[in-house]
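Have a look at the structure below, then the notes.
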Amino acid sequence: MDWLEFSRGPMFQVALLVFILGMVYRFLRVILMGWKKDYAPPRGSAAAGVVKTYVKGLGFLPFLPPKFPGTRHRPLTYIAGGMFHLGLFVVIFLSTPHVEAWRSVLGFGWPTAPTPLVDGFAAMAMIGMIILLSNRIVSPVGRMLTGLGEWLNWIVVFLPLLTGWVTYHHLFGMPYETLFTIHMLTVDWLLIWIPFSRISHFMTYFITRTVHGARFGRLGVEP
Amino acid sequence: MTEKTIYESMVERGLSRRDFLKLATLMTAALGLEYSQLPKVVHAMESKPRLPVIWLEFQDCAGCSEALTRSHDPYLTKLLFNDISVDYHETLFAAAGKQAEENKEKIMDEYEGQFVLVVEGSIPTKDNGVYCTIGGRSAIDLLEEAASKAMAIISVGTCASYGGLPHANPNPTGAVGVHDLVKDKPIIHVPGCPPIPEVITNTIAHVVLLGEIPELDSLGRPKAFYGQTVHDRCPRRPFYERGQFAESYDDAGAKAGWCLYKLGCKGPTTYSACATIKWNEGVSFPVQSNHPCLGCTEPDFWDGGGFYKSLAAPPGAEAARGAQAGFASLGGAALAVGSALYAKKVKQKAAEEFKAQKKKEA
Ligand code: SF4
Ligand code: SF4
């Protein structure tokens, strides 16, 4: 077995299992621990609160110019963060090789976006990440808030993006298999890393949103 | 068998000096050498006695020999059979049985350290090599004897190079390639299932004519023919770059010549001259004929996870992966339940202690 087969085969499988085990654990643990009961009489609908928070969080705020409290003070983080998340989403879920990988893992696939479009989003994600990193390095507060784990998070997410790009376009004259192997190893590393890191917010975000939306809705407050 | 040079044997066959030079020029091009190397080729053909070639077949389908006979390079093929001459070939020779074997032994002794050994097929090593025997001797035995006396070895086909189909999981005969057994001789790999005929003839001609090993890549393949991937020179490449992929073999995309990546093409990881030399007198090659590249020049291509599965799909059995994922989820769930219960207990205890403390104070 060569390195490429190793990185795509057994290593990927191990990484996938660690990822699944870790994420199921994190998800169920939070839910099972439960929340304090709210004994106050409801002043609004919890469900409506949940709907509202998602409309705002996913569908509305990301596309508005930063005029709102919380965003207007940090427009750079807001915009770069948006660029990164949207770009990453397109790369992971709409690029052809990734949909083929999903098809193999899930058993079904979906239509893909044209390569130049995916390229654009990938570039956007990487530029967003570079802005965010520079911001963290330049700002003293950013530096203070950033622990070793956060710096590593950046590297662990940036490397698959970069190596994937280089692989797909055969850049730097390196053999395709070498690039592909490096890409797969960085992906394996990312999968293993996620459950232990804050990158797991791709899932916990939804728990938080749901719970807060429901609570606020019940209290009759705008979530 | 004589000590004649190639030039001399050609003159004997009635060819003129002019014919000879023409052939030498074609040879130079065919070997992938620069034009400036022509004098070297001429000199070699004039001065060096031809090296005999012995062609052994082990665990194989004779497809590589089949391919060789379909070579469309008439000069090279003629040269190979008339002037270089393959002195022993198990499948292509009329002579068979004891006599042919004896002749082989004679050549090997007479030209010890000078002949070129071509091997086709893998060598089964399990159970003392009983799965492939010729004249009562195992392939391991035959290979060891021939290899010890050869000047160099050319492994023709993926089986001889890396074990090939017999080596594929679960490899019931313990099949291996030549380089797994022979460690002390230069070995050239000419993989392919089968290799392109011209690549076989050109590689043999290179060694036999010039008496030297061509430049090889890290897997022992001549760089002149295995220096680029199928994908590097693929006519469908512009569609790959644009992200236009055929979804099935007969959709509009496939008909318009779109890229076959989604249909399982292994072109990006496969080093072969398929897209340039092509097959059947340069008519076409698999990808041009609307079939994905299987990756036949690469080690373990049979075990690469499925010919029709995209290169991006991780190899391995899907059912097993699903089952393991199920267990991983269950494991995660069990851990979560356990740790949540424990955490709740700790909380409860703390609350009770707090209450007791308060009572005491009161
Ligand atoms: S058909 Fe295969 S070799 Fe040709 S461009 Fe597509 S992936 Fe590459
Ligand atoms: S296209 Fe690929 S699988 Fe087909 S003969 Fe060429 S290298 Fe082998």
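Following the order of the structure tokens, chains are lettered A, B, ..., residues in each are numbered from 1, and ligands are numbered from 1.
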
Taking only C-alpha atoms into account and nothing else, which residues of chain B lie no more than 8 Å away from chain A? Please answer as a PDB file with C-alpha atoms, in the first residue's frame.
```pdb
ATOM      1  CA  GLU B 241     -10.877  22.362 -16.112  1.00  0.00           C
ATOM      2  CA  ARG B 242     -14.289  23.830 -16.850  1.00  0.00           C
ATOM      3  CA  GLY B 243     -16.016  21.285 -14.638  1.00  0.00           C
ATOM      4  CA  GLN B 244     -18.019  19.665 -17.434  1.00  0.00           C
ATOM      5  CA  LYS B 262     -17.257  11.254 -12.335  1.00  0.00           C
ATOM      6  CA  PRO B 268      -4.990  11.945 -13.041  1.00  0.00           C
ATOM      7  CA  THR B 269      -2.976   9.350 -11.119  1.00  0.00           C
ATOM      8  CA  ASP B 300      -2.344  -2.406  -7.213  1.00  0.00           C
ATOM      9  CA  GLY B 304      -7.994   0.737  -6.157  1.00  0.00           C
ATOM     10  CA  SER B 310     -14.601   8.327  -8.853  1.00  0.00           C
ATOM     11  CA  LEU B 311     -11.022   8.960  -7.829  1.00  0.00           C
ATOM     12  CA  ALA B 312     -12.405  11.200  -5.092  1.00  0.00           C
ATOM     13  CA  ALA B 313     -14.375   8.358  -3.513  1.00  0.00           C
ATOM     14  CA  PRO B 314     -12.454   6.757  -0.674  1.00  0.00           C
ATOM     15  CA  PRO B 315     -11.667   3.126  -1.523  1.00  0.00           C
ATOM     16  CA  GLY B 316     -12.961   0.254   0.577  1.00  0.00           C
ATOM     17  CA  GLU B 318     -19.163   0.682   1.493  1.00  0.00           C
ATOM     18  CA  ARG B 321     -17.840   1.433   6.245  1.00  0.00           C
ATOM     19  CA  GLY B 322     -21.539   1.866   6.995  1.00  0.00           C
ATOM     20  CA  GLN B 324     -18.419   0.670  11.297  1.00  0.00           C
ATOM     21  CA  ALA B 325     -20.020   4.112  11.231  1.00  0.00           C
ATOM     22  CA  ALA B 328     -19.015   4.417  16.080  1.00  0.00           C
ATOM     23  CA  SER B 329     -22.355   6.224  16.548  1.00  0.00           C
ATOM     24  CA  LEU B 330     -23.457   3.684  19.126  1.00  0.00           C
ATOM     25  CA  GLY B 331     -20.138   4.029  20.903  1.00  0.00           C
ATOM     26  CA  GLY B 332     -20.478   7.817  20.923  1.00  0.00           C
ATOM     27  CA  ALA B 333     -24.042   7.536  22.224  1.00  0.00           C
ATOM     28  CA  ALA B 334     -23.066   5.131  25.012  1.00  0.00           C
ATOM     29  CA  LEU B 335     -20.233   7.435  26.089  1.00  0.00           C
ATOM     30  CA  ALA B 336     -22.585  10.419  26.049  1.00  0.00           C
ATOM     31  CA  VAL B 337     -25.254   8.674  28.146  1.00  0.00           C
ATOM     32  CA  SER B 339     -20.977  10.828  31.035  1.00  0.00           C
ATOM     33  CA  ALA B 340     -24.260  12.769  31.153  1.00  0.00           C
ATOM     34  CA  LEU B 341     -25.615  10.502  33.906  1.00  0.00           C
ATOM     35  CA  ALA B 343     -22.404  14.626  35.461  1.00  0.00           C
ATOM     36  CA  LYS B 344     -26.010  14.774  36.676  1.00  0.00           C
TER      37      LYS B 344
END
```

Env. residues ligand 1 / 9 Å / only C-alpha atoms and all ligand atoms / as a PDB file with N, CA, C and O atoms, in the first residue's frame:
```pdb
ATOM      1  N   THR B 229       1.052  11.823 -16.993  1.00  0.00           N
ATOM      2  CA  THR B 229      -0.164  11.053 -16.734  1.00  0.00           C
ATOM      3  C   THR B 229      -1.071  11.098 -17.971  1.00  0.00           C
ATOM      4  O   THR B 229      -0.902  11.935 -18.851  1.00  0.00           O
ATOM      5  N   VAL B 230      -2.023  10.184 -17.982  1.00  0.00           N
ATOM      6  CA  VAL B 230      -3.032  10.172 -19.044  1.00  0.00           C
ATOM      7  C   VAL B 230      -3.780  11.518 -19.025  1.00  0.00           C
ATOM      8  O   VAL B 230      -4.057  12.124 -20.057  1.00  0.00           O
ATOM      9  N   HIS B 231      -4.050  11.982 -17.816  1.00  0.00           N
ATOM     10  CA  HIS B 231      -4.760  13.236 -17.598  1.00  0.00           C
ATOM     11  C   HIS B 231      -3.978  14.440 -18.149  1.00  0.00           C
ATOM     12  O   HIS B 231      -4.567  15.367 -18.692  1.00  0.00           O
ATOM     13  N   ASP B 232      -2.639  14.390 -18.025  1.00  0.00           N
ATOM     14  CA  ASP B 232      -1.797  15.492 -18.517  1.00  0.00           C
ATOM     15  C   ASP B 232      -2.027  15.754 -20.003  1.00  0.00           C
ATOM     16  O   ASP B 232      -1.954  16.889 -20.455  1.00  0.00           O
ATOM     17  N   ARG B 233      -2.232  14.676 -20.767  1.00  0.00           N
ATOM     18  CA  ARG B 233      -2.327  14.825 -22.219  1.00  0.00           C
ATOM     19  C   ARG B 233      -3.714  14.482 -22.743  1.00  0.00           C
ATOM     20  O   ARG B 233      -3.901  14.265 -23.928  1.00  0.00           O
ATOM     21  N   CYS B 234      -4.691  14.417 -21.862  1.00  0.00           N
ATOM     22  CA  CYS B 234      -6.016  13.943 -22.268  1.00  0.00           C
ATOM     23  C   CYS B 234      -6.764  14.970 -23.118  1.00  0.00           C
ATOM     24  O   CYS B 234      -6.799  16.154 -22.779  1.00  0.00           O
ATOM     25  N   PRO B 235      -7.370  14.526 -24.211  1.00  0.00           N
ATOM     26  CA  PRO B 235      -8.140  15.459 -25.029  1.00  0.00           C
ATOM     27  C   PRO B 235      -9.382  15.999 -24.315  1.00  0.00           C
ATOM     28  O   PRO B 235      -9.943  17.007 -24.722  1.00  0.00           O
ATOM     29  N   ARG B 236      -9.799  15.330 -23.232  1.00  0.00           N
ATOM     30  CA  ARG B 236     -10.978  15.797 -22.478  1.00  0.00           C
ATOM     31  C   ARG B 236     -10.588  16.783 -21.371  1.00  0.00           C
ATOM     32  O   ARG B 236     -11.451  17.252 -20.629  1.00  0.00           O
ATOM     33  N   ARG B 237      -9.335  17.066 -21.261  1.00  0.00           N
ATOM     34  CA  ARG B 237      -8.839  17.893 -20.165  1.00  0.00           C
ATOM     35  C   ARG B 237      -9.516  19.271 -20.075  1.00  0.00           C
ATOM     36  O   ARG B 237      -9.843  19.737 -18.971  1.00  0.00           O
ATOM     37  N   PRO B 238      -9.745  19.958 -21.204  1.00  0.00           N
ATOM     38  CA  PRO B 238     -10.404  21.267 -21.086  1.00  0.00           C
ATOM     39  C   PRO B 238     -11.757  21.168 -20.379  1.00  0.00           C
ATOM     40  O   PRO B 238     -12.161  22.083 -19.652  1.00  0.00           O
ATOM     41  N   PHE B 239     -12.447  20.043 -20.550  1.00  0.00           N
ATOM     42  CA  PHE B 239     -13.754  19.877 -19.897  1.00  0.00           C
ATOM     43  C   PHE B 239     -13.571  19.678 -18.397  1.00  0.00           C
ATOM     44  O   PHE B 239     -14.389  20.121 -17.601  1.00  0.00           O
ATOM     45  N   TYR B 240     -12.487  18.985 -18.045  1.00  0.00           N
ATOM     46  CA  TYR B 240     -12.172  18.837 -16.621  1.00  0.00           C
ATOM     47  C   TYR B 240     -11.974  20.215 -16.000  1.00  0.00           C
ATOM     48  O   TYR B 240     -12.529  20.523 -14.950  1.00  0.00           O
ATOM     49  N   GLU B 241     -11.177  21.034 -16.663  1.00  0.00           N
ATOM     50  CA  GLU B 241     -10.877  22.362 -16.112  1.00  0.00           C
ATOM     51  C   GLU B 241     -12.149  23.195 -15.966  1.00  0.00           C
ATOM     52  O   GLU B 241     -12.292  23.965 -15.038  1.00  0.00           O
ATOM     53  N   PHE B 245     -18.641  17.452 -16.725  1.00  0.00           N
ATOM     54  CA  PHE B 245     -18.418  16.024 -16.536  1.00  0.00           C
ATOM     55  C   PHE B 245     -19.588  15.211 -17.087  1.00  0.00           C
ATOM     56  O   PHE B 245     -20.750  15.542 -16.837  1.00  0.00           O
ATOM     57  N   GLY B 257     -17.974  14.660 -25.542  1.00  0.00           N
ATOM     58  CA  GLY B 257     -16.563  14.498 -25.193  1.00  0.00           C
ATOM     59  C   GLY B 257     -16.178  15.079 -23.852  1.00  0.00           C
ATOM     60  O   GLY B 257     -15.010  15.385 -23.617  1.00  0.00           O
ATOM     61  N   TRP B 258     -17.141  15.221 -22.938  1.00  0.00           N
ATOM     62  CA  TRP B 258     -16.827  15.780 -21.627  1.00  0.00           C
ATOM     63  C   TRP B 258     -15.978  14.812 -20.819  1.00  0.00           C
ATOM     64  O   TRP B 258     -15.887  13.626 -21.127  1.00  0.00           O
ATOM     65  N   CYS B 259     -15.408  15.349 -19.758  1.00  0.00           N
ATOM     66  CA  CYS B 259     -14.488  14.596 -18.901  1.00  0.00           C
ATOM     67  C   CYS B 259     -15.196  13.428 -18.203  1.00  0.00           C
ATOM     68  O   CYS B 259     -16.355  13.520 -17.817  1.00  0.00           O
ATOM     69  N   LEU B 260     -14.469  12.323 -18.014  1.00  0.00           N
ATOM     70  CA  LEU B 260     -15.049  11.110 -17.438  1.00  0.00           C
ATOM     71  C   LEU B 260     -14.713  10.922 -15.952  1.00  0.00           C
ATOM     72  O   LEU B 260     -14.843   9.821 -15.405  1.00  0.00           O
ATOM     73  N   TYR B 261     -14.290  11.999 -15.320  1.00  0.00           N
ATOM     74  CA  TYR B 261     -13.866  11.940 -13.911  1.00  0.00           C
ATOM     75  C   TYR B 261     -14.934  11.322 -13.008  1.00  0.00           C
ATOM     76  O   TYR B 261     -14.653  10.480 -12.173  1.00  0.00           O
ATOM     77  N   LYS B 262     -16.182  11.754 -13.203  1.00  0.00           N
ATOM     78  CA  LYS B 262     -17.257  11.254 -12.335  1.00  0.00           C
ATOM     79  C   LYS B 262     -17.562   9.790 -12.592  1.00  0.00           C
ATOM     80  O   LYS B 262     -18.160   9.116 -11.765  1.00  0.00           O
ATOM     81  N   LEU B 263     -17.197   9.313 -13.789  1.00  0.00           N
ATOM     82  CA  LEU B 263     -17.481   7.917 -14.125  1.00  0.00           C
ATOM     83  C   LEU B 263     -16.344   7.006 -13.691  1.00  0.00           C
ATOM     84  O   LEU B 263     -16.312   5.827 -14.022  1.00  0.00           O
ATOM     85  N   GLY B 264     -15.382   7.575 -12.972  1.00  0.00           N
ATOM     86  CA  GLY B 264     -14.334   6.732 -12.393  1.00  0.00           C
ATOM     87  C   GLY B 264     -12.975   6.842 -13.053  1.00  0.00           C
ATOM     88  O   GLY B 264     -12.113   5.993 -12.804  1.00  0.00           O
ATOM     89  N   CYS B 265     -12.763   7.838 -13.898  1.00  0.00           N
ATOM     90  CA  CYS B 265     -11.486   7.935 -14.607  1.00  0.00           C
ATOM     91  C   CYS B 265     -10.308   8.086 -13.642  1.00  0.00           C
ATOM     92  O   CYS B 265     -10.316   8.924 -12.753  1.00  0.00           O
ATOM     93  N   LYS B 266      -9.282   7.237 -13.832  1.00  0.00           N
ATOM     94  CA  LYS B 266      -8.096   7.292 -12.976  1.00  0.00           C
ATOM     95  C   LYS B 266      -6.946   8.003 -13.687  1.00  0.00           C
ATOM     96  O   LYS B 266      -5.793   7.937 -13.242  1.00  0.00           O
ATOM     97  N   GLY B 267      -7.268   8.665 -14.801  1.00  0.00           N
ATOM     98  CA  GLY B 267      -6.235   9.374 -15.570  1.00  0.00           C
ATOM     99  C   GLY B 267      -5.326  10.278 -14.747  1.00  0.00           C
ATOM    100  O   GLY B 267      -4.117  10.303 -14.988  1.00  0.00           O
ATOM    101  N   PRO B 268      -5.862  11.023 -13.778  1.00  0.00           N
ATOM    102  CA  PRO B 268      -4.990  11.945 -13.041  1.00  0.00           C
ATOM    103  C   PRO B 268      -3.868  11.265 -12.259  1.00  0.00           C
ATOM    104  O   PRO B 268      -2.867  11.891 -11.960  1.00  0.00           O
ATOM    105  N   THR B 269      -4.030  10.000 -11.904  1.00  0.00           N
ATOM    106  CA  THR B 269      -2.976   9.350 -11.119  1.00  0.00           C
ATOM    107  C   THR B 269      -2.279   8.255 -11.924  1.00  0.00           C
ATOM    108  O   THR B 269      -1.555   7.444 -11.362  1.00  0.00           O
ATOM    109  N   THR B 270      -2.516   8.215 -13.237  1.00  0.00           N
ATOM    110  CA  THR B 270      -1.977   7.117 -14.031  1.00  0.00           C
ATOM    111  C   THR B 270      -0.937   7.598 -15.034  1.00  0.00           C
ATOM    112  O   THR B 270      -1.256   8.385 -15.927  1.00  0.00           O
ATOM    113  N   ALA B 275      -2.463   8.641 -24.092  1.00  0.00           N
ATOM    114  CA  ALA B 275      -3.082   9.770 -24.778  1.00  0.00           C
ATOM    115  C   ALA B 275      -2.215  10.294 -25.917  1.00  0.00           C
ATOM    116  O   ALA B 275      -2.703  11.027 -26.777  1.00  0.00           O
ATOM    117  N   VAL B 287      -9.870   6.475 -23.130  1.00  0.00           N
ATOM    118  CA  VAL B 287     -10.604   7.685 -22.740  1.00  0.00           C
ATOM    119  C   VAL B 287     -11.216   8.373 -23.966  1.00  0.00           C
ATOM    120  O   VAL B 287     -12.340   8.885 -23.900  1.00  0.00           O
ATOM    121  N   GLN B 288     -10.490   8.330 -25.069  1.00  0.00           N
ATOM    122  CA  GLN B 288     -11.028   8.920 -26.299  1.00  0.00           C
ATOM    123  C   GLN B 288     -12.257   8.136 -26.768  1.00  0.00           C
ATOM    124  O   GLN B 288     -13.197   8.694 -27.322  1.00  0.00           O
ATOM    125  N   ASN B 290     -14.455   6.934 -24.964  1.00  0.00           N
ATOM    126  CA  ASN B 290     -15.547   7.079 -23.995  1.00  0.00           C
ATOM    127  C   ASN B 290     -15.538   6.068 -22.867  1.00  0.00           C
ATOM    128  O   ASN B 290     -16.584   5.692 -22.352  1.00  0.00           O
ATOM    129  N   HIS B 291     -14.359   5.609 -22.477  1.00  0.00           N
ATOM    130  CA  HIS B 291     -14.281   4.760 -21.293  1.00  0.00           C
ATOM    131  C   HIS B 291     -13.236   5.331 -20.347  1.00  0.00           C
ATOM    132  O   HIS B 291     -12.166   5.701 -20.778  1.00  0.00           O
ATOM    133  N   PRO B 292     -13.558   5.400 -19.038  1.00  0.00           N
ATOM    134  CA  PRO B 292     -12.559   5.954 -18.121  1.00  0.00           C
ATOM    135  C   PRO B 292     -11.287   5.115 -18.085  1.00  0.00           C
ATOM    136  O   PRO B 292     -11.328   3.910 -18.308  1.00  0.00           O
ATOM    137  N   CYS B 293     -10.184   5.773 -17.792  1.00  0.00           N
ATOM    138  CA  CYS B 293      -8.906   5.083 -17.590  1.00  0.00           C
ATOM    139  C   CYS B 293      -9.012   4.263 -16.313  1.00  0.00           C
ATOM    140  O   CYS B 293      -9.526   4.734 -15.304  1.00  0.00           O
ATOM    141  N   LEU B 311     -12.294   8.881  -8.536  1.00  0.00           N
ATOM    142  CA  LEU B 311     -11.022   8.960  -7.829  1.00  0.00           C
ATOM    143  C   LEU B 311     -11.179   9.638  -6.473  1.00  0.00           C
ATOM    144  O   LEU B 311     -10.405   9.405  -5.552  1.00  0.00           O
TER     145      LEU B 311
END
```

Item checked: Residue nearest Val42 (chain B) among B:Tyr88, B:Phe20, B:Tyr131, B:Trp55 (counting only C-alpha atoms) -> B:Phe20

Give me, as a tab-separated table, the closest atom pair and its distance (Å, one decimal) for every residue of chain B within a cut-off of 6 Å of ligand 2, counting only C-alpha atoms and all ligand atoms, rows sorted by chain and rising number.
```
residue	atom	partner	partner_atom_place_in_ligand_line	distance
B:Gly192	CA	ligand 2	8 (Fe)	5.7
B:Ser272	CA	ligand 2	7 (S)	5.2
B:Cys274	CA	ligand 2	6 (Fe)	4.7
B:Pro286	CA	ligand 2	1 (S)	4.9
B:Val287	CA	ligand 2	1 (S)	5.8
B:Cys293	CA	ligand 2	2 (Fe)	3.7
B:Leu294	CA	ligand 2	3 (S)	3.7
B:Gly295	CA	ligand 2	3 (S)	4.4
B:Cys296	CA	ligand 2	8 (Fe)	4.0
B:Thr297	CA	ligand 2	7 (S)	5.4
```

Item checked: Shell of 6 Å around Asp188 (chain A), only C-alpha atoms, local chain residues under 2 positions omitted, as a PyMOL selection string -> chain A and resi 12+15+185-186+190-191

Notebook entry, point to check: Leaving out region 146-160 of chain B and any residue of its chain fewer than 3 positions from it, which residues lie within 6 Å of it when counting only C-alpha atoms, given as a list in words?
Noted result: Glu112, Gly113, Gln114, Phe115, Val116, Leu117, Val118, Val119, Glu120, Gly121, Ser122, Leu143, Gly163, Gly164, Gly177, Val178, Lys185, Pro186, Ile187, Ile188, His189, Val190, Pro191, Gly192, Cys193, Pro194 and Pro195 of chain B

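Near Thr210 (chain A), within a cut-off of 12 Å and counting only C-alpha atoms, sit the residues Ile31, Ala46, Ala47, Ala48, Gly49, Val50, Val51, Lys52, Thr53, Tyr54, Val55, Gly57, Met203, Thr204, Tyr205, Phe206, Ile207, Thr208, His212, Gly213, Ala214, Arg215, Phe216, Gly217 and Pro223 of chain A, with same-chain residues fewer than 2 positions away left out.
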
Which residues in region 95-310 of chain B does DSSP call strand (DSSP E or B)? List them as a compact mmCIF listing (two decimals) with N, CA, C and O atoms, in the first residue's frame.
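Listed below is the output, states02.txt:
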```txt
# COMPACT_ATOMS: atom_id res chain seq x y z
N VAL B 116 19.37 -10.12 -22.55
CA VAL B 116 18.31 -9.36 -21.88
C VAL B 116 17.17 -10.32 -21.57
O VAL B 116 16.71 -11.05 -22.46
N LEU B 117 16.74 -10.33 -20.32
CA LEU B 117 15.64 -11.21 -19.93
C LEU B 117 14.35 -10.41 -19.87
O LEU B 117 14.28 -9.40 -19.18
N VAL B 118 13.36 -10.85 -20.65
CA VAL B 118 12.05 -10.22 -20.57
C VAL B 118 11.13 -11.17 -19.81
O VAL B 118 11.11 -12.36 -20.08
N VAL B 119 10.42 -10.64 -18.83
CA VAL B 119 9.50 -11.48 -18.07
C VAL B 119 8.08 -10.95 -18.25
O VAL B 119 7.85 -9.75 -18.18
N GLU B 120 7.17 -11.86 -18.49
CA GLU B 120 5.75 -11.51 -18.61
C GLU B 120 5.02 -12.38 -17.59
O GLU B 120 5.23 -13.57 -17.52
N SER B 122 3.18 -12.69 -13.41
CA SER B 122 3.66 -12.63 -12.03
C SER B 122 4.22 -13.98 -11.62
O SER B 122 4.07 -14.97 -12.34
N ILE B 123 4.85 -14.00 -10.45
CA ILE B 123 5.45 -15.23 -9.97
C ILE B 123 4.74 -15.62 -8.67
O ILE B 123 4.79 -14.88 -7.70
N PRO B 124 4.07 -16.79 -8.64
CA PRO B 124 3.39 -17.21 -7.41
C PRO B 124 4.42 -17.77 -6.43
O PRO B 124 5.26 -18.58 -6.81
N THR B 133 4.16 -23.91 -12.91
CA THR B 133 5.37 -24.68 -13.20
C THR B 133 5.47 -24.92 -14.70
O THR B 133 4.46 -25.01 -15.39
N ILE B 134 6.69 -24.96 -15.20
CA ILE B 134 6.93 -25.23 -16.62
C ILE B 134 7.98 -26.34 -16.69
O ILE B 134 9.07 -26.21 -16.13
N ARG B 137 9.41 -27.41 -13.40
CA ARG B 137 10.13 -26.47 -12.53
C ARG B 137 9.25 -25.27 -12.22
O ARG B 137 8.51 -24.79 -13.07
N SER B 138 9.37 -24.77 -10.99
CA SER B 138 8.51 -23.65 -10.59
C SER B 138 9.00 -22.36 -11.23
O SER B 138 10.16 -22.23 -11.61
N ALA B 152 20.27 -7.66 -17.81
CA ALA B 152 19.23 -6.80 -17.26
C ALA B 152 17.89 -7.49 -17.47
O ALA B 152 17.77 -8.41 -18.29
N ILE B 153 16.88 -7.04 -16.72
CA ILE B 153 15.55 -7.65 -16.84
C ILE B 153 14.54 -6.58 -17.21
O ILE B 153 14.57 -5.47 -16.67
N ILE B 154 13.67 -6.92 -18.14
CA ILE B 154 12.56 -6.03 -18.46
C ILE B 154 11.28 -6.74 -18.03
O ILE B 154 10.96 -7.81 -18.55
N SER B 155 10.57 -6.17 -17.08
CA SER B 155 9.29 -6.75 -16.65
C SER B 155 8.21 -6.16 -17.54
O SER B 155 7.87 -4.98 -17.40
N VAL B 156 7.66 -6.96 -18.43
CA VAL B 156 6.64 -6.46 -19.34
C VAL B 156 5.25 -6.73 -18.76
O VAL B 156 4.94 -7.87 -18.41
N ALA B 175 1.15 -14.18 -5.40
CA ALA B 175 1.83 -13.68 -6.59
C ALA B 175 2.58 -12.39 -6.29
O ALA B 175 2.09 -11.51 -5.59
N VAL B 176 3.79 -12.27 -6.87
CA VAL B 176 4.58 -11.04 -6.73
C VAL B 176 5.18 -10.68 -8.08
O VAL B 176 5.14 -11.47 -9.02
N ILE B 187 16.37 -3.70 -13.24
CA ILE B 187 15.05 -4.13 -13.70
C ILE B 187 14.30 -2.92 -14.25
O ILE B 187 14.22 -1.87 -13.60
N ILE B 188 13.78 -3.08 -15.45
CA ILE B 188 12.97 -2.01 -16.03
C ILE B 188 11.52 -2.45 -16.01
O ILE B 188 11.20 -3.57 -16.42
N HIS B 189 10.64 -1.59 -15.54
CA HIS B 189 9.22 -1.93 -15.53
C HIS B 189 8.53 -1.33 -16.75
O HIS B 189 8.69 -0.14 -17.03
N VAL B 190 7.77 -2.17 -17.44
CA VAL B 190 6.96 -1.68 -18.56
C VAL B 190 5.53 -2.08 -18.25
O VAL B 190 4.95 -2.96 -18.89
N LEU B 216 14.79 6.03 -15.75
CA LEU B 216 13.58 5.47 -15.14
C LEU B 216 12.99 6.41 -14.10
O LEU B 216 13.69 7.24 -13.52
N PRO B 222 10.40 3.53 -17.75
CA PRO B 222 11.12 4.48 -18.60
C PRO B 222 10.40 5.83 -18.64
O PRO B 222 9.21 5.89 -18.95
N THR B 229 1.05 11.82 -16.99
CA THR B 229 -0.16 11.05 -16.73
C THR B 229 -1.07 11.10 -17.97
O THR B 229 -0.90 11.93 -18.85
N PHE B 245 -18.64 17.45 -16.72
CA PHE B 245 -18.42 16.02 -16.54
C PHE B 245 -19.59 15.21 -17.09
O PHE B 245 -20.75 15.54 -16.84
N CYS B 259 -15.41 15.35 -19.76
CA CYS B 259 -14.49 14.60 -18.90
C CYS B 259 -15.20 13.43 -18.20
O CYS B 259 -16.36 13.52 -17.82
N TYR B 271 0.28 7.11 -14.88
CA TYR B 271 1.36 7.50 -15.78
C TYR B 271 1.41 6.53 -16.96
O TYR B 271 1.66 5.35 -16.78
N TRP B 279 -3.49 3.66 -29.27
CA TRP B 279 -3.54 2.23 -29.57
C TRP B 279 -3.98 1.98 -31.01
O TRP B 279 -4.56 2.86 -31.64
N SER B 284 -6.94 5.47 -31.48
CA SER B 284 -7.67 6.01 -30.34
C SER B 284 -7.06 5.44 -29.07
O SER B 284 -6.09 4.68 -29.12
```

Notebook entry, point to check: Glu281 (chain B): which residues within 10 Å, counting only C-alpha atoms, same-chain residues fewer than 4 positions away excluded, as a list in words?
Noted result: Arg70, Ser71, His72, Asp73, Pro197, Glu198 and Ile277 of chain B

Checklist line | Nearest-residue call for Ala62 (chain B), choices B:Asn202, B:Thr28, B:Ser36, B:Thr91, using only C-alpha atoms | finding: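 Closest residue, counting only C-alpha atoms: B:Thr91.
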
Next item on the list: Pull the helix (DSSP H, G or I) assignments for region 227-336 of chain B out of DSSP run on the backbone, and list those residues as a ChimeraX atom specification.
Entry: /B:231-233,237-242,252-255,261-263,267-269,274-277,301-303,318-336

Next item on the list: Fewer than 4 positions away in the same chain doesn't count, so skip those; otherwise give me all residues within 12 Å of Tyr39 (chain A), counting only C-alpha atoms, as a ChimeraX atom specification.
Entry: /A:43,215,218-219

Notebook entry, point to check: Quick one, how far is CA of Val53 (chain B) from CA of Asp87 (chain B)?
Noted result: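 Between CA of Val53 (chain B) and CA of Asp87 (chain B) the gap works out to 5.5 Å.
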